[in-house]
$ cat query_8.csv   # CSV, C-alpha atoms
chain,number,residue,atom,x,y,z
K,1,MET,CA,0.0,0.0,0.0
K,2,LYS,CA,1.4,3.4,-0.9
K,3,LYS,CA,1.4,6.0,1.8
K,4,ASP,CA,-1.3,8.1,0.2
K,5,ASP,CA,-3.6,5.2,-0.8
K,6,GLU,CA,-7.0,4.7,0.8
K,7,ILE,CA,-9.5,1.9,0.8
K,8,GLU,CA,-13.3,2.4,0.4
K,9,VAL,CA,-15.2,-0.8,-0.5
K,10,LEU,CA,-18.8,-2.0,-0.2
K,11,GLY,CA,-19.2,-5.7,0.7
K,12,PHE,CA,-20.7,-8.3,3.0
K,13,TRP,CA,-19.4,-8.7,6.5
K,14,TRP,CA,-19.9,-11.3,9.3
K,15,ILE,CA,-18.7,-11.9,12.9
K,16,LEU,CA,-16.7,-14.9,13.9
K,17,GLY,CA,-19.2,-17.7,14.6
K,18,TYR,CA,-22.1,-16.0,12.7
K,19,SER,CA,-21.2,-16.6,9.1
K,20,GLU,CA,-24.9,-17.2,8.3
K,21,ASN,CA,-25.6,-13.5,9.2
K,22,ARG,CA,-23.8,-11.6,6.4
K,23,LEU,CA,-24.4,-7.9,6.6
K,24,PRO,CA,-23.9,-5.3,3.9
K,25,GLY,CA,-21.5,-2.6,4.9
K,26,LEU,CA,-18.9,0.0,3.9
K,27,LEU,CA,-15.2,-0.4,4.8
K,28,LYS,CA,-12.9,2.7,4.8
K,29,PHE,CA,-9.2,2.8,5.6
K,30,SER,CA,-6.7,5.6,5.7
K,31,GLN,CA,-3.4,5.8,7.5
K,32,LYS,CA,-4.6,8.9,9.3
K,33,ASN,CA,-7.9,7.4,10.6
K,34,GLY,CA,-7.3,3.6,10.4
K,35,ALA,CA,-9.9,1.1,9.5
K,36,LYS,CA,-13.6,1.9,10.0
K,37,LEU,CA,-16.4,-0.5,9.1
K,38,LYS,CA,-20.1,0.5,9.0
K,39,VAL,CA,-22.5,-2.4,8.8
K,40,PHE,CA,-26.2,-2.1,8.1
K,41,HIS,CA,-28.7,-4.5,9.7
K,42,ASP,CA,-32.4,-5.0,10.7
K,43,GLU,CA,-34.0,-5.1,14.1
K,44,GLY,CA,-33.3,-8.7,14.6
K,45,MET,CA,-29.5,-8.2,14.5
K,46,LYS,CA,-29.5,-5.5,17.2
K,47,LYS,CA,-29.5,-8.0,20.1
K,48,LEU,CA,-26.6,-9.9,18.5
K,49,LEU,CA,-24.5,-6.8,17.9
K,50,GLY,CA,-25.5,-5.1,21.1
K,51,TRP,CA,-23.7,-1.9,22.2
K,52,ASN,CA,-20.1,-1.2,23.0
K,53,LYS,CA,-19.1,-4.7,22.1
K,54,LYS,CA,-15.7,-6.0,21.1
K,55,TYR,CA,-14.9,-8.7,18.6
K,56,ASP,CA,-11.6,-10.4,17.9
K,57,ILE,CA,-12.4,-10.8,14.2
K,58,ILE,CA,-14.8,-9.6,11.6
K,59,TYR,CA,-14.6,-11.0,8.1
K,60,GLY,CA,-15.7,-9.6,4.8
K,61,ILE,CA,-15.8,-10.1,1.0
K,62,ALA,CA,-15.6,-7.0,-1.2
K,63,ASP,CA,-14.1,-5.9,-4.5
K,64,ASN,CA,-13.0,-9.5,-5.3
K,65,GLN,CA,-10.8,-9.6,-2.1
K,66,VAL,CA,-11.1,-11.2,1.3
K,67,PHE,CA,-10.8,-9.0,4.4
K,68,THR,CA,-10.0,-9.8,8.0
K,69,LEU,CA,-10.5,-7.0,10.6
K,70,TYR,CA,-8.7,-7.9,13.9
K,71,ASN,CA,-9.4,-6.5,17.4
K,72,CYS,CA,-12.6,-4.7,16.5
K,73,ARG,CA,-14.4,-2.3,18.8
K,74,GLN,CA,-17.9,-0.8,18.3
K,75,ILE,CA,-17.6,3.0,18.3
K,76,SER,CA,-21.1,4.2,17.2
K,77,PHE,CA,-24.6,3.2,16.2
K,78,SER,CA,-27.7,4.7,14.7
K,79,ILE,CA,-30.9,5.5,16.4
K,80,SER,CA,-32.9,6.0,13.2
K,81,ASN,CA,-35.0,3.6,11.2
K,82,LEU,CA,-31.9,2.7,9.1
K,83,SER,CA,-29.9,0.7,11.6
K,84,TYR,CA,-26.2,0.6,11.4
K,85,GLN,CA,-23.2,0.2,13.7
K,86,THR,CA,-19.6,1.3,13.2
K,87,PHE,CA,-16.5,-0.5,14.3
K,88,ASP,CA,-12.8,0.4,14.2
K,89,SER,CA,-10.0,-2.2,14.0
K,90,ASN,CA,-6.3,-2.2,15.0
K,91,TYR,CA,-5.3,-4.3,12.0
K,92,LEU,CA,-6.8,-5.0,8.6
K,93,PHE,CA,-5.6,-8.0,6.5
K,94,VAL,CA,-6.4,-8.3,2.8
K,95,HIS,CA,-5.8,-11.3,0.5
K,96,ASN,CA,-7.1,-12.6,-2.8
K,97,THR,CA,-8.4,-15.9,-1.4
K,98,HIS,CA,-7.6,-16.3,2.3
K,99,TYR,CA,-8.9,-14.8,5.6
K,100,LEU,CA,-7.7,-15.5,9.1
K,101,GLU,CA,-10.3,-17.7,10.8
K,102,HIS,CA,-9.5,-17.3,14.5
K,103,LYS,CA,-7.7,-15.0,16.9
K,104,ASP,CA,-4.9,-17.6,17.2
K,105,ASP,CA,-4.3,-17.3,13.4
K,106,ILE,CA,-2.8,-13.8,13.8
K,107,GLN,CA,0.6,-15.5,13.6
K,108,PHE,CA,3.0,-15.4,10.7
K,109,THR,CA,6.4,-16.6,9.4
K,110,ASN,CA,7.6,-13.2,8.3
K,111,LEU,CA,6.7,-9.5,7.9
K,112,CYS,CA,7.9,-7.3,5.1
K,113,THR,CA,7.6,-3.6,4.7
K,114,GLN,CA,9.1,-0.4,3.3
K,115,ILE,CA,10.1,2.4,5.7
K,116,ASN,CA,9.6,5.9,4.4
K,117,ASN,CA,12.6,8.3,4.6
K,118,THR,CA,15.2,5.5,4.2
K,119,ASN,CA,15.8,5.7,0.4
K,120,LYS,CA,18.3,8.5,0.7
K,121,PHE,CA,20.2,6.6,3.4
K,122,PHE,CA,20.4,3.5,1.1
K,123,ARG,CA,21.2,5.4,-2.2
K,124,HIS,CA,24.4,3.3,-2.5
K,125,LEU,CA,22.8,0.0,-1.8
K,126,THR,CA,22.5,-1.0,-5.4
K,127,SER,CA,24.9,0.0,-8.2
K,128,TYR,CA,24.1,0.0,-12.0
K,129,ASN,CA,26.4,-0.2,-15.0
K,130,VAL,CA,24.6,1.4,-18.0
K,131,ASP,CA,26.0,0.7,-21.4
K,132,TYR,CA,24.4,2.6,-24.3
K,133,SER,CA,25.0,1.1,-27.8
K,134,GLU,CA,23.0,0.9,-31.0
K,135,SER,CA,20.0,2.7,-29.5
K,136,ARG,CA,19.7,0.3,-26.6
K,137,TYR,CA,20.4,0.6,-22.9
K,138,ILE,CA,22.1,-2.4,-21.3
K,139,ILE,CA,21.9,-2.3,-17.5
K,140,GLU,CA,23.9,-4.5,-15.3
K,141,GLU,CA,22.6,-4.5,-11.8
K,142,THR,CA,24.8,-5.3,-8.7
K,143,PRO,CA,22.3,-5.6,-5.9
K,144,GLN,CA,23.3,-6.0,-2.3
K,145,ARG,CA,21.4,-7.7,0.5
K,146,ILE,CA,22.0,-7.0,4.1
K,147,ASP,CA,21.4,-9.9,6.5
K,148,PHE,CA,21.4,-9.4,10.3
K,149,ASN,CA,20.4,-11.3,13.4
K,150,ILE,CA,17.7,-9.9,15.7
K,151,ASN,CA,17.4,-12.5,18.5
K,152,HIS,CA,17.1,-16.3,19.1
K,153,LEU,CA,13.7,-16.3,17.2
K,154,LEU,CA,14.2,-13.8,14.4
K,155,LYS,CA,16.5,-12.7,11.7
K,156,GLY,CA,16.2,-9.9,9.1
K,157,GLN,CA,17.2,-8.8,5.6
K,158,ILE,CA,17.3,-5.4,3.8
K,159,TYR,CA,17.2,-5.5,0.0
K,160,MET,CA,16.1,-3.6,-3.1
K,161,ASP,CA,13.8,-4.4,-5.9
K,162,ASN,CA,13.3,-2.2,-9.0
K,163,SER,CA,10.6,-0.7,-11.1
K,164,ASN,CA,11.5,0.7,-14.5
K,165,TYR,CA,9.6,3.2,-16.6
K,166,ASN,CA,10.0,3.6,-20.4
K,167,SER,CA,8.8,6.5,-22.5
K,168,TYR,CA,9.4,5.8,-26.2
K,169,SER,CA,7.9,9.1,-27.2
K,170,GLU,CA,10.3,11.0,-25.1
K,171,ASN,CA,13.1,8.5,-25.5
K,172,SER,CA,13.6,8.3,-21.8
K,173,PHE,CA,14.1,5.5,-19.2
K,174,GLU,CA,13.8,5.7,-15.4
K,175,LEU,CA,14.8,3.1,-12.9
K,176,VAL,CA,13.3,3.3,-9.5
K,177,GLY,CA,14.6,1.3,-6.5
K,178,ASN,CA,12.5,0.3,-3.5
K,179,ILE,CA,14.1,-0.7,-0.2
K,180,TRP,CA,12.4,-3.6,1.6
K,181,PHE,CA,12.8,-4.6,5.2
K,182,ASN,CA,12.0,-8.2,6.0
K,183,ILE,CA,11.8,-9.9,9.5
K,184,GLU,CA,11.3,-13.7,9.5
K,185,SER,CA,11.4,-16.5,12.0
K,186,LYS,CA,14.6,-18.5,11.9
K,187,ASP,CA,12.9,-21.9,11.7
K,188,ASN,CA,10.0,-20.8,9.6
K,189,SER,CA,7.6,-21.2,12.5
K,190,LEU,CA,4.5,-19.1,13.1
K,191,LEU,CA,5.0,-16.3,15.6
K,192,PRO,CA,2.5,-13.7,16.9
K,193,LEU,CA,2.1,-10.5,15.0
K,194,SER,CA,3.0,-8.5,18.1
K,195,ILE,CA,6.5,-9.9,18.1
K,196,TYR,CA,7.1,-8.8,14.5
K,197,MET,CA,5.5,-5.4,15.1
K,198,GLN,CA,7.8,-4.8,18.1
K,199,GLU,CA,11.0,-5.5,16.2
K,200,ILE,CA,10.0,-3.7,13.0
K,201,ASN,CA,9.2,-0.7,15.3
K,202,ASN,CA,12.7,-1.0,16.8
K,203,LEU,CA,14.1,-0.8,13.2
K,204,ARG,CA,11.9,2.2,12.4
K,205,MET,CA,13.2,4.0,15.5
K,206,PHE,CA,16.8,3.3,14.5
K,207,PHE,CA,16.3,5.1,11.1
K,208,SER,CA,14.2,7.8,12.7
K,209,ILE,CA,17.1,8.7,15.1
K,210,ILE,CA,19.6,8.6,12.2
K,211,ILE,CA,17.6,11.2,10.2
K,212,GLN,CA,16.4,13.0,13.4
K,213,GLY,CA,12.8,12.8,12.1
K,214,VAL,CA,9.8,10.4,11.8
K,215,CYS,CA,9.8,7.3,9.7
K,216,THR,CA,6.6,5.4,8.9
K,217,TYR,CA,5.7,2.2,7.2
K,218,GLU,CA,4.6,1.7,3.6
K,219,GLY,CA,3.4,-1.5,1.9
K,220,MET,CA,3.4,-3.9,4.9
K,221,GLU,CA,2.9,-7.6,4.2
K,222,VAL,CA,2.8,-10.8,6.2
K,223,GLN,CA,2.9,-14.5,5.2
K,224,ARG,CA,1.7,-17.9,6.3
K,225,PRO,CA,2.7,-21.2,4.8
K,226,GLU,CA,-0.8,-21.9,3.4
K,227,PHE,CA,-1.0,-18.6,1.7
K,228,SER,CA,-0.2,-18.1,-2.0
K,229,GLY,CA,1.9,-15.0,-1.8
K,230,TYR,CA,1.8,-12.3,0.8
K,231,MET,CA,-1.2,-11.0,2.7
K,232,GLN,CA,-1.4,-7.2,2.9
K,233,LEU,CA,-1.4,-5.7,6.3
K,234,TYR,CA,-2.9,-2.2,7.0
K,235,SER,CA,-2.6,-0.3,10.2
K,236,GLN,CA,-3.1,3.3,11.3
K,237,ASN,CA,-0.1,5.6,11.4
K,238,ILE,CA,0.3,6.4,15.0
K,239,TYR,CA,3.8,7.9,14.6
K,240,GLY,CA,2.9,11.3,13.2
K,241,GLU,CA,3.8,13.1,10.0
K,242,LEU,CA,6.9,12.2,8.1
K,243,SER,CA,9.8,14.5,8.8
K,244,ASN,CA,13.6,14.6,8.5
K,245,ARG,CA,16.1,17.3,9.3
K,246,PHE,CA,19.6,15.8,8.7
K,247,MET,CA,21.3,12.4,8.5
K,248,MET,CA,24.0,11.4,10.9
K,249,PHE,CA,25.6,9.1,8.3
K,250,ASP,CA,24.5,7.1,5.3
K,251,PHE,CA,24.9,3.5,4.2
K,252,GLU,CA,28.2,4.2,2.4
K,253,TYR,CA,29.8,5.4,5.6
K,254,VAL,CA,28.9,2.2,7.6
K,255,LYS,CA,28.4,-0.4,4.9
K,256,GLU,CA,31.3,-2.6,6.0
K,257,LYS,CA,29.8,-3.1,9.5
K,258,PHE,CA,26.1,-2.2,9.0
K,259,SER,CA,24.9,-5.7,10.0
K,260,ILE,CA,26.8,-5.5,13.2
K,261,LEU,CA,25.4,-2.0,13.9
K,262,LEU,CA,21.9,-3.4,13.5
K,263,GLU,CA,22.5,-6.4,15.7
K,264,ASN,CA,23.9,-4.2,18.4
K,265,TRP,CA,20.8,-2.0,18.1
K,266,PHE,CA,18.5,-4.9,18.6
K,267,ARG,CA,20.5,-6.0,21.6
K,268,LEU,CA,20.1,-2.5,23.1
K,269,SER,CA,16.4,-2.5,22.3
K,270,SER,CA,16.0,-5.6,24.4
K,271,GLU,CA,18.3,-4.4,27.3
K,272,ILE,CA,17.3,-0.7,27.6
K,273,PRO,CA,14.0,-0.3,25.7
K,274,GLU,CA,12.7,2.5,27.9
K,275,VAL,CA,15.9,4.5,27.5
K,276,LEU,CA,15.7,4.2,23.7
K,277,ASN,CA,12.0,4.9,23.5
K,278,LEU,CA,12.3,8.1,25.6
K,279,PHE,CA,15.4,9.2,23.7
K,280,TYR,CA,13.6,8.6,20.3
K,281,GLY,CA,10.5,10.6,21.4
K,282,THR,CA,12.4,13.6,22.5
K,283,TYR,CA,15.3,13.6,20.0
K,284,THR,CA,13.1,13.3,16.9
K,285,SER,CA,10.4,15.7,17.9
K,286,SER,CA,10.0,18.7,15.7
K,287,GLN,CA,8.8,20.9,18.6
K,288,PHE,CA,10.1,21.3,22.1
K,289,TYR,CA,7.9,20.9,25.2
K,290,GLU,CA,9.0,21.2,28.8
K,291,TYR,CA,8.2,17.5,29.4
K,292,HIS,CA,10.9,16.6,26.8
K,293,PHE,CA,13.5,17.8,29.3
K,294,ARG,CA,12.1,15.5,32.0
K,295,GLU,CA,11.9,12.5,29.7
K,296,THR,CA,15.4,13.1,28.4
K,297,TYR,CA,16.8,13.2,31.9
K,298,ILE,CA,14.9,10.1,32.9
K,299,ALA,CA,16.4,8.3,29.8
K,300,LEU,CA,19.8,9.4,31.0
K,301,GLU,CA,19.2,8.0,34.4
K,302,GLY,CA,18.1,4.7,32.9
K,303,LEU,CA,21.3,4.7,30.8
K,304,PHE,CA,23.4,5.5,33.9
K,305,GLN,CA,21.9,2.6,35.9
K,306,TRP,CA,22.4,0.2,33.0
K,307,LYS,CA,25.9,1.3,32.2
K,308,MET,CA,27.3,2.0,35.7
K,309,LYS,CA,25.4,-0.7,37.5
K,310,GLN,CA,24.5,1.9,40.2
K,311,ASP,CA,21.3,3.6,41.3
K,312,THR,CA,21.0,7.4,40.7
K,313,GLN,CA,20.1,8.5,44.2
K,314,LYS,CA,22.1,11.5,45.4
K,315,LYS,CA,24.3,11.3,42.3
K,316,ASN,CA,25.1,13.8,39.6
K,317,VAL,CA,24.7,11.3,36.7
K,318,ILE,CA,25.8,13.9,34.1
K,319,SER,CA,29.1,14.5,35.9
K,320,ILE,CA,29.8,10.8,36.3
K,321,LEU,CA,29.0,9.8,32.7
K,322,VAL,CA,30.8,12.7,31.0
K,323,GLY,CA,33.7,12.7,33.4
K,324,LYS,CA,34.3,9.0,32.5
K,325,VAL,CA,34.9,10.0,28.9
K,326,MET,CA,36.8,13.3,29.5
K,327,LYS,CA,39.4,11.6,31.7
K,328,THR,CA,40.7,9.4,29.0
K,329,ARG,CA,39.3,10.4,25.6
K,330,ARG,CA,38.7,14.1,25.6
K,331,ASN,CA,41.0,14.8,22.6
K,332,GLU,CA,39.8,11.8,20.5
K,333,VAL,CA,36.2,13.1,20.8
K,334,ASP,CA,36.8,16.8,20.9
K,335,ASN,CA,33.5,17.6,19.0
K,336,PHE,CA,31.6,15.9,21.7
K,337,SER,CA,33.7,17.5,24.4
K,338,ASN,CA,33.0,20.9,22.9
K,339,ILE,CA,29.2,20.3,23.3
K,340,VAL,CA,29.3,19.1,27.0
K,341,THR,CA,32.1,21.5,28.1
K,342,LYS,CA,31.8,22.7,31.8
K,343,TYR,CA,29.6,19.7,32.4
K,344,GLN,CA,30.0,20.0,36.2
K,345,ASN,CA,28.3,23.4,36.2
K,346,TRP,CA,25.4,22.8,33.8
K,347,GLY,CA,25.0,19.3,35.0
K,348,GLU,CA,24.1,20.5,38.4
K,349,VAL,CA,21.6,23.1,36.9
K,350,ALA,CA,20.0,20.2,35.0
K,351,ARG,CA,19.8,18.0,38.1
K,352,LYS,CA,18.0,20.8,40.1
K,353,ASN,CA,15.6,21.6,37.3
K,354,ARG,CA,14.8,17.9,36.9
K,355,HIS,CA,14.2,17.5,40.6
K,356,TYR,CA,11.9,20.6,40.7
K,357,GLN,CA,9.9,19.5,37.7
K,358,MET,CA,9.4,15.9,39.1
K,359,HIS,CA,8.9,16.7,42.8
K,360,LEU,CA,8.2,20.5,43.0
K,361,ASN,CA,10.9,20.8,45.6
K,362,GLU,CA,10.8,24.4,46.9
K,363,GLU,CA,14.5,24.2,47.6
K,364,TYR,CA,15.2,24.5,43.9
K,365,LYS,CA,12.5,27.0,42.8
K,366,ASN,CA,15.1,29.8,42.4
K,367,ASP,CA,17.3,27.6,40.1
K,368,ILE,CA,14.6,27.2,37.4
K,369,VAL,CA,15.9,28.3,34.0
K,370,ASP,CA,13.9,29.8,31.1
K,371,ASN,CA,12.7,27.8,28.1
K,372,ASN,CA,15.7,28.6,25.8
K,373,GLU,CA,18.1,27.4,28.5
K,374,LEU,CA,16.0,24.3,29.1
K,375,ILE,CA,16.3,23.4,25.4
K,376,ARG,CA,20.1,23.8,25.6
K,377,LEU,CA,20.2,21.5,28.6
K,378,THR,CA,18.0,19.0,26.9
K,379,ARG,CA,20.3,18.9,23.8
K,380,LYS,CA,23.4,18.4,25.9
K,381,ILE,CA,21.8,15.5,27.7
K,382,GLN,CA,20.7,14.1,24.4
K,383,ALA,CA,24.3,14.3,23.3
K,384,ILE,CA,25.5,12.2,26.2
K,385,ILE,CA,22.8,9.5,25.5
K,386,LEU,CA,23.7,9.5,21.8
K,387,PHE,CA,27.4,9.2,22.6
K,388,TYR,CA,26.9,6.0,24.7
K,389,VAL,CA,24.5,4.6,22.2
K,390,LEU,CA,26.9,5.1,19.3
K,391,GLU,CA,29.7,3.5,21.4
K,392,GLU,CA,27.5,0.5,22.1
K,393,LEU,CA,26.6,0.2,18.5
K,394,GLY,CA,30.3,-0.3,17.6
K,395,PHE,CA,31.5,3.1,16.4
K,396,SER,CA,35.1,4.1,17.0
K,397,ASP,CA,36.0,7.4,18.7
K,398,SER,CA,37.0,8.9,15.3
K,399,GLU,CA,33.6,7.9,13.8
K,400,ILE,CA,31.7,9.2,16.8
K,401,ASN,CA,33.7,12.5,16.6
K,402,LYS,CA,32.8,12.9,12.9
K,403,ILE,CA,29.1,12.3,13.7
K,404,PHE,CA,29.1,14.9,16.4
K,405,PHE,CA,30.8,17.3,14.0
K,406,ASN,CA,27.9,16.8,11.6
K,407,LEU,CA,25.4,17.4,14.4
K,408,ILE,CA,27.0,20.4,16.1
K,409,GLY,CA,24.2,22.8,15.0
K,410,HIS,CA,21.6,20.6,16.8
K,411,PHE,CA,23.4,20.2,20.0
K,412,LYS,CA,24.5,23.8,20.3
K,413,PRO,CA,21.4,25.7,19.3
K,414,LYS,CA,21.5,29.5,18.8
K,415,PHE,CA,18.5,31.6,19.7
K,416,PHE,CA,18.1,35.1,18.3
$ encode --input "query_8.csv" --output "structure tokens"
Amino acid sequence: MKKDDEIEVLGFWWILGYSENRLPGLLKFSQKNGAKLKVFHDEGMKKLLGWNKKYDIIYGIADNQVFTLYNCRQISFSISNLSYQTFDSNYLFVHNTHYLEHKDDIQFTNLCTQINNTNKFFRHLTSYNVDYSESRYIIEETPQRIDFNINHLLKGQIYMDNSNYNSYSENSFELVGNIWFNIESKDNSLLPLSIYMQEINNLRMFFSIIIQGVCTYEGMEVQRPEFSGYMQLYSQNIYGELSNRFMMFDFEYVKEKFSILLENWFRLSSEIPEVLNLFYGTYTSSQFYEYHFRETYIALEGLFQWKMKQDTQKKNVISILVGKVMKTRRNEVDNFSNIVTKYQNWGEVARKNRHYQMHLNEEYKNDIVDNNELIRLTRKIQAIILFYVLEELGFSDSEINKIFFNLIGHFKPKFF
């Protein structure tokens, strides 16, 4: 499904266990609003449908396709002579011949999707040799596939497929590459959709952080052994509008160890998920709110506990984390050092502001800074988290230093 596609089909729908009661209805889907199904019925069906009911699965046949709506909730009903009820659904599955018969069938062997905002990152993933002779183009493609391990259950691949467009009237040829992200079970066993969605979201966050923006899914598909081909999966976009501001690095910069970076990222996602989620939410936001400072500081405290194996009580975590780097590697990461300079002073200011925001401690009310200064403090804390994340991913000091050189404008904002 393309990101701007929508579904609107008339068909017949029925609830699990009531296949003899097929109701006419209208299904609409958009990434903004998700899946909404309006079914029409007579007085005899009111008792069955009831009010404010939930259904694991609603089936449908429409437009020569078979639909499965999963985790359905009634959201409205009519009080007029024309009776109808409207349901929303977390997930919508579409296939030419198959539907999912039971809740336990929401299990798959793999999930495949595109992730918006990643094409620029992977612009070097596939190379082409174009030979023009005797009015013909001869294209030799050298595709690459990236394989990586996720955990004991799952592995992943990133690869490109191509679409070509010819215009004989204009004597033109265009080759378009699409990057696909695939997660599959290692032994081809069926695993719950929730497991795949969790790991594909970890991958989506990885690229969102790299581009300091928001990535979303496009063209999601799942597969079961008995299906012929893939089953399309539609879900509401809950991540916000697409955005990107810069790129820390691209595939060319890390291609020799990109699989290792991804495997380390998935390891971190399992060990410190709360830290990464909070960091992602504040770091990629296009607008600053005061609670971003709190969440960033909480993420830092989580990182501290994980990295130092200590609790945070009565400790200046900023001074400890930065001091550890400055004592031995200040010159090797001088761009990072330049961002967090005088960390003992501003670290104490950040600690007091965090304490006041969380506990309204009157002792610190005179230490509260204005909004611009709060942004500066937040960016410095983000820099510390990013430094340790990059280190855990496997970047060398020189590589980390180059990344911070590229990001200096973000971490040292200027207000006019």
$ atom_distance --input "query_8.csv" --atom1 "CA of Val275 in chain K" --atom2 "CA of Leu303 in chain K"
6.3 Å
$ residues_around --input "query_8.csv" --residues "range 382-394 of chain K" --least-positions-apart "5" --cutoff "8 Å" --atoms "all atoms listed in the file" --output "PyMOL selection string"
chain K and resi 260-262+264-265+279+283+296+299-300+303+321-322+336+339-340+400+411
$ write_last_selection --input "query_8.csv" --atoms "C-alpha atoms" --output "PDB file, in the frame of the given file"
ATOM      1  CA  ILE K 260      26.800  -5.500  13.200  1.00  0.00           C
ATOM      2  CA  LEU K 261      25.400  -2.000  13.900  1.00  0.00           C
ATOM      3  CA  LEU K 262      21.900  -3.400  13.500  1.00  0.00           C
ATOM      4  CA  ASN K 264      23.900  -4.200  18.400  1.00  0.00           C
ATOM      5  CA  TRP K 265      20.800  -2.000  18.100  1.00  0.00           C
ATOM      6  CA  PHE K 279      15.400   9.200  23.700  1.00  0.00           C
ATOM      7  CA  TYR K 283      15.300  13.600  20.000  1.00  0.00           C
ATOM      8  CA  THR K 296      15.400  13.100  28.400  1.00  0.00           C
ATOM      9  CA  ALA K 299      16.400   8.300  29.800  1.00  0.00           C
ATOM     10  CA  LEU K 300      19.800   9.400  31.000  1.00  0.00           C
ATOM     11  CA  LEU K 303      21.300   4.700  30.800  1.00  0.00           C
ATOM     12  CA  LEU K 321      29.000   9.800  32.700  1.00  0.00           C
ATOM     13  CA  VAL K 322      30.800  12.700  31.000  1.00  0.00           C
ATOM     14  CA  PHE K 336      31.600  15.900  21.700  1.00  0.00           C
ATOM     15  CA  ILE K 339      29.200  20.300  23.300  1.00  0.00           C
ATOM     16  CA  VAL K 340      29.300  19.100  27.000  1.00  0.00           C
ATOM     17  CA  ILE K 400      31.700   9.200  16.800  1.00  0.00           C
ATOM     18  CA  PHE K 411      23.400  20.200  20.000  1.00  0.00           C
TER      19      PHE K 411
END
$ atom_distance --input "query_8.csv" --atom1 "CA of Ile381 in chain K" --atom2 "CA of Leu407 in chain K"
13.9 Å
$ residues_near_point --input "query_8.csv" --point "(11.8, -19.3, 12.0)" --cutoff "10 Å" --atoms "only C-alpha atoms" --output "ChimeraX atom specification"
/K:108-110,152-155,183-191
$ write_last_selection --input "query_8.csv" --atoms "C-alpha atoms" --output "compact mmCIF listing (two decimals), keeping the file's coordinate frame"
# COMPACT_ATOMS: atom_id res chain seq x y z
CA PHE K 108 3.00 -15.40 10.70
CA THR K 109 6.40 -16.60 9.40
CA ASN K 110 7.60 -13.20 8.30
CA HIS K 152 17.10 -16.30 19.10
CA LEU K 153 13.70 -16.30 17.20
CA LEU K 154 14.20 -13.80 14.40
CA LYS K 155 16.50 -12.70 11.70
CA ILE K 183 11.80 -9.90 9.50
CA GLU K 184 11.30 -13.70 9.50
CA SER K 185 11.40 -16.50 12.00
CA LYS K 186 14.60 -18.50 11.90
CA ASP K 187 12.90 -21.90 11.70
CA ASN K 188 10.00 -20.80 9.60
CA SER K 189 7.60 -21.20 12.50
CA LEU K 190 4.50 -19.10 13.10
CA LEU K 191 5.00 -16.30 15.60
$ closest_residue --input "query_8.csv" --among "K:Arg376, K:His124, K:His410, K:Arg330" --to "Gln212 in chain K" --atoms "only C-alpha atoms"
K:His410
$ closest_residue --input "query_8.csv" --among "K:Arg145, K:Arg245, K:Lys412, K:His102" --to "Asn338 in chain K" --atoms "all atoms listed in the file"
K:Lys412
$ closest_residue --input "query_8.csv" --among "K:Asn178, K:Asn371, K:Asn361, K:Thr341" --to "Tyr289 in chain K" --atoms "all atoms listed in the file"
K:Asn371
$ closest_residue --input "query_8.csv" --among "K:Phe304, K:Tyr343, K:Phe293, K:Phe404" --to "Tyr356 in chain K" --atoms "only C-alpha atoms"
K:Phe293
$ closest_residue --input "query_8.csv" --among "K:Ser285, K:Gln107, K:Asn331, K:Gln236" --to "Arg379 in chain K" --atoms "all atoms listed in the file"
K:Ser285
$ residues_around --input "query_8.csv" --residues "Arg204 in chain K" --least-positions-apart "6" --cutoff "8 Å" --atoms "all atoms listed in the file" --output "MDAnalysis selection string"
chainID K and resid 115 215:216
$ build_atoms --input "query_8.csv" --residues "range 151-159 of chain K" --atoms "N, CA and C atoms" --output "short mmCIF file (atom, residue, chain, number, x, y, z; two decimals), keeping the file's coordinate frame"
data_model
loop_
_atom_site.label_atom_id
_atom_site.label_comp_id
_atom_site.auth_asym_id
_atom_site.auth_seq_id
_atom_site.Cartn_x
_atom_site.Cartn_y
_atom_site.Cartn_z
N ASN K 151 17.35 -11.78 17.27
CA ASN K 151 17.40 -12.50 18.50
C ASN K 151 17.34 -14.00 18.25
N HIS K 152 17.08 -14.81 19.27
CA HIS K 152 17.10 -16.30 19.10
C HIS K 152 15.93 -16.74 18.21
N LEU K 153 14.90 -15.89 18.03
CA LEU K 153 13.70 -16.30 17.20
C LEU K 153 13.78 -15.72 15.81
N LEU K 154 14.35 -14.53 15.64
CA LEU K 154 14.20 -13.80 14.40
C LEU K 154 15.48 -13.39 13.75
N LYS K 155 15.43 -13.26 12.43
CA LYS K 155 16.50 -12.70 11.70
C LYS K 155 15.91 -11.69 10.66
N GLY K 156 16.75 -10.88 10.04
CA GLY K 156 16.20 -9.90 9.10
C GLY K 156 17.07 -9.71 7.89
N GLN K 157 16.45 -9.10 6.87
CA GLN K 157 17.20 -8.80 5.60
C GLN K 157 16.69 -7.38 5.16
N ILE K 158 17.58 -6.68 4.51
CA ILE K 158 17.30 -5.40 3.80
C ILE K 158 17.72 -5.61 2.38
N TYR K 159 16.85 -5.33 1.43
CA TYR K 159 17.20 -5.50 0.00
C TYR K 159 16.42 -4.56 -0.84
#
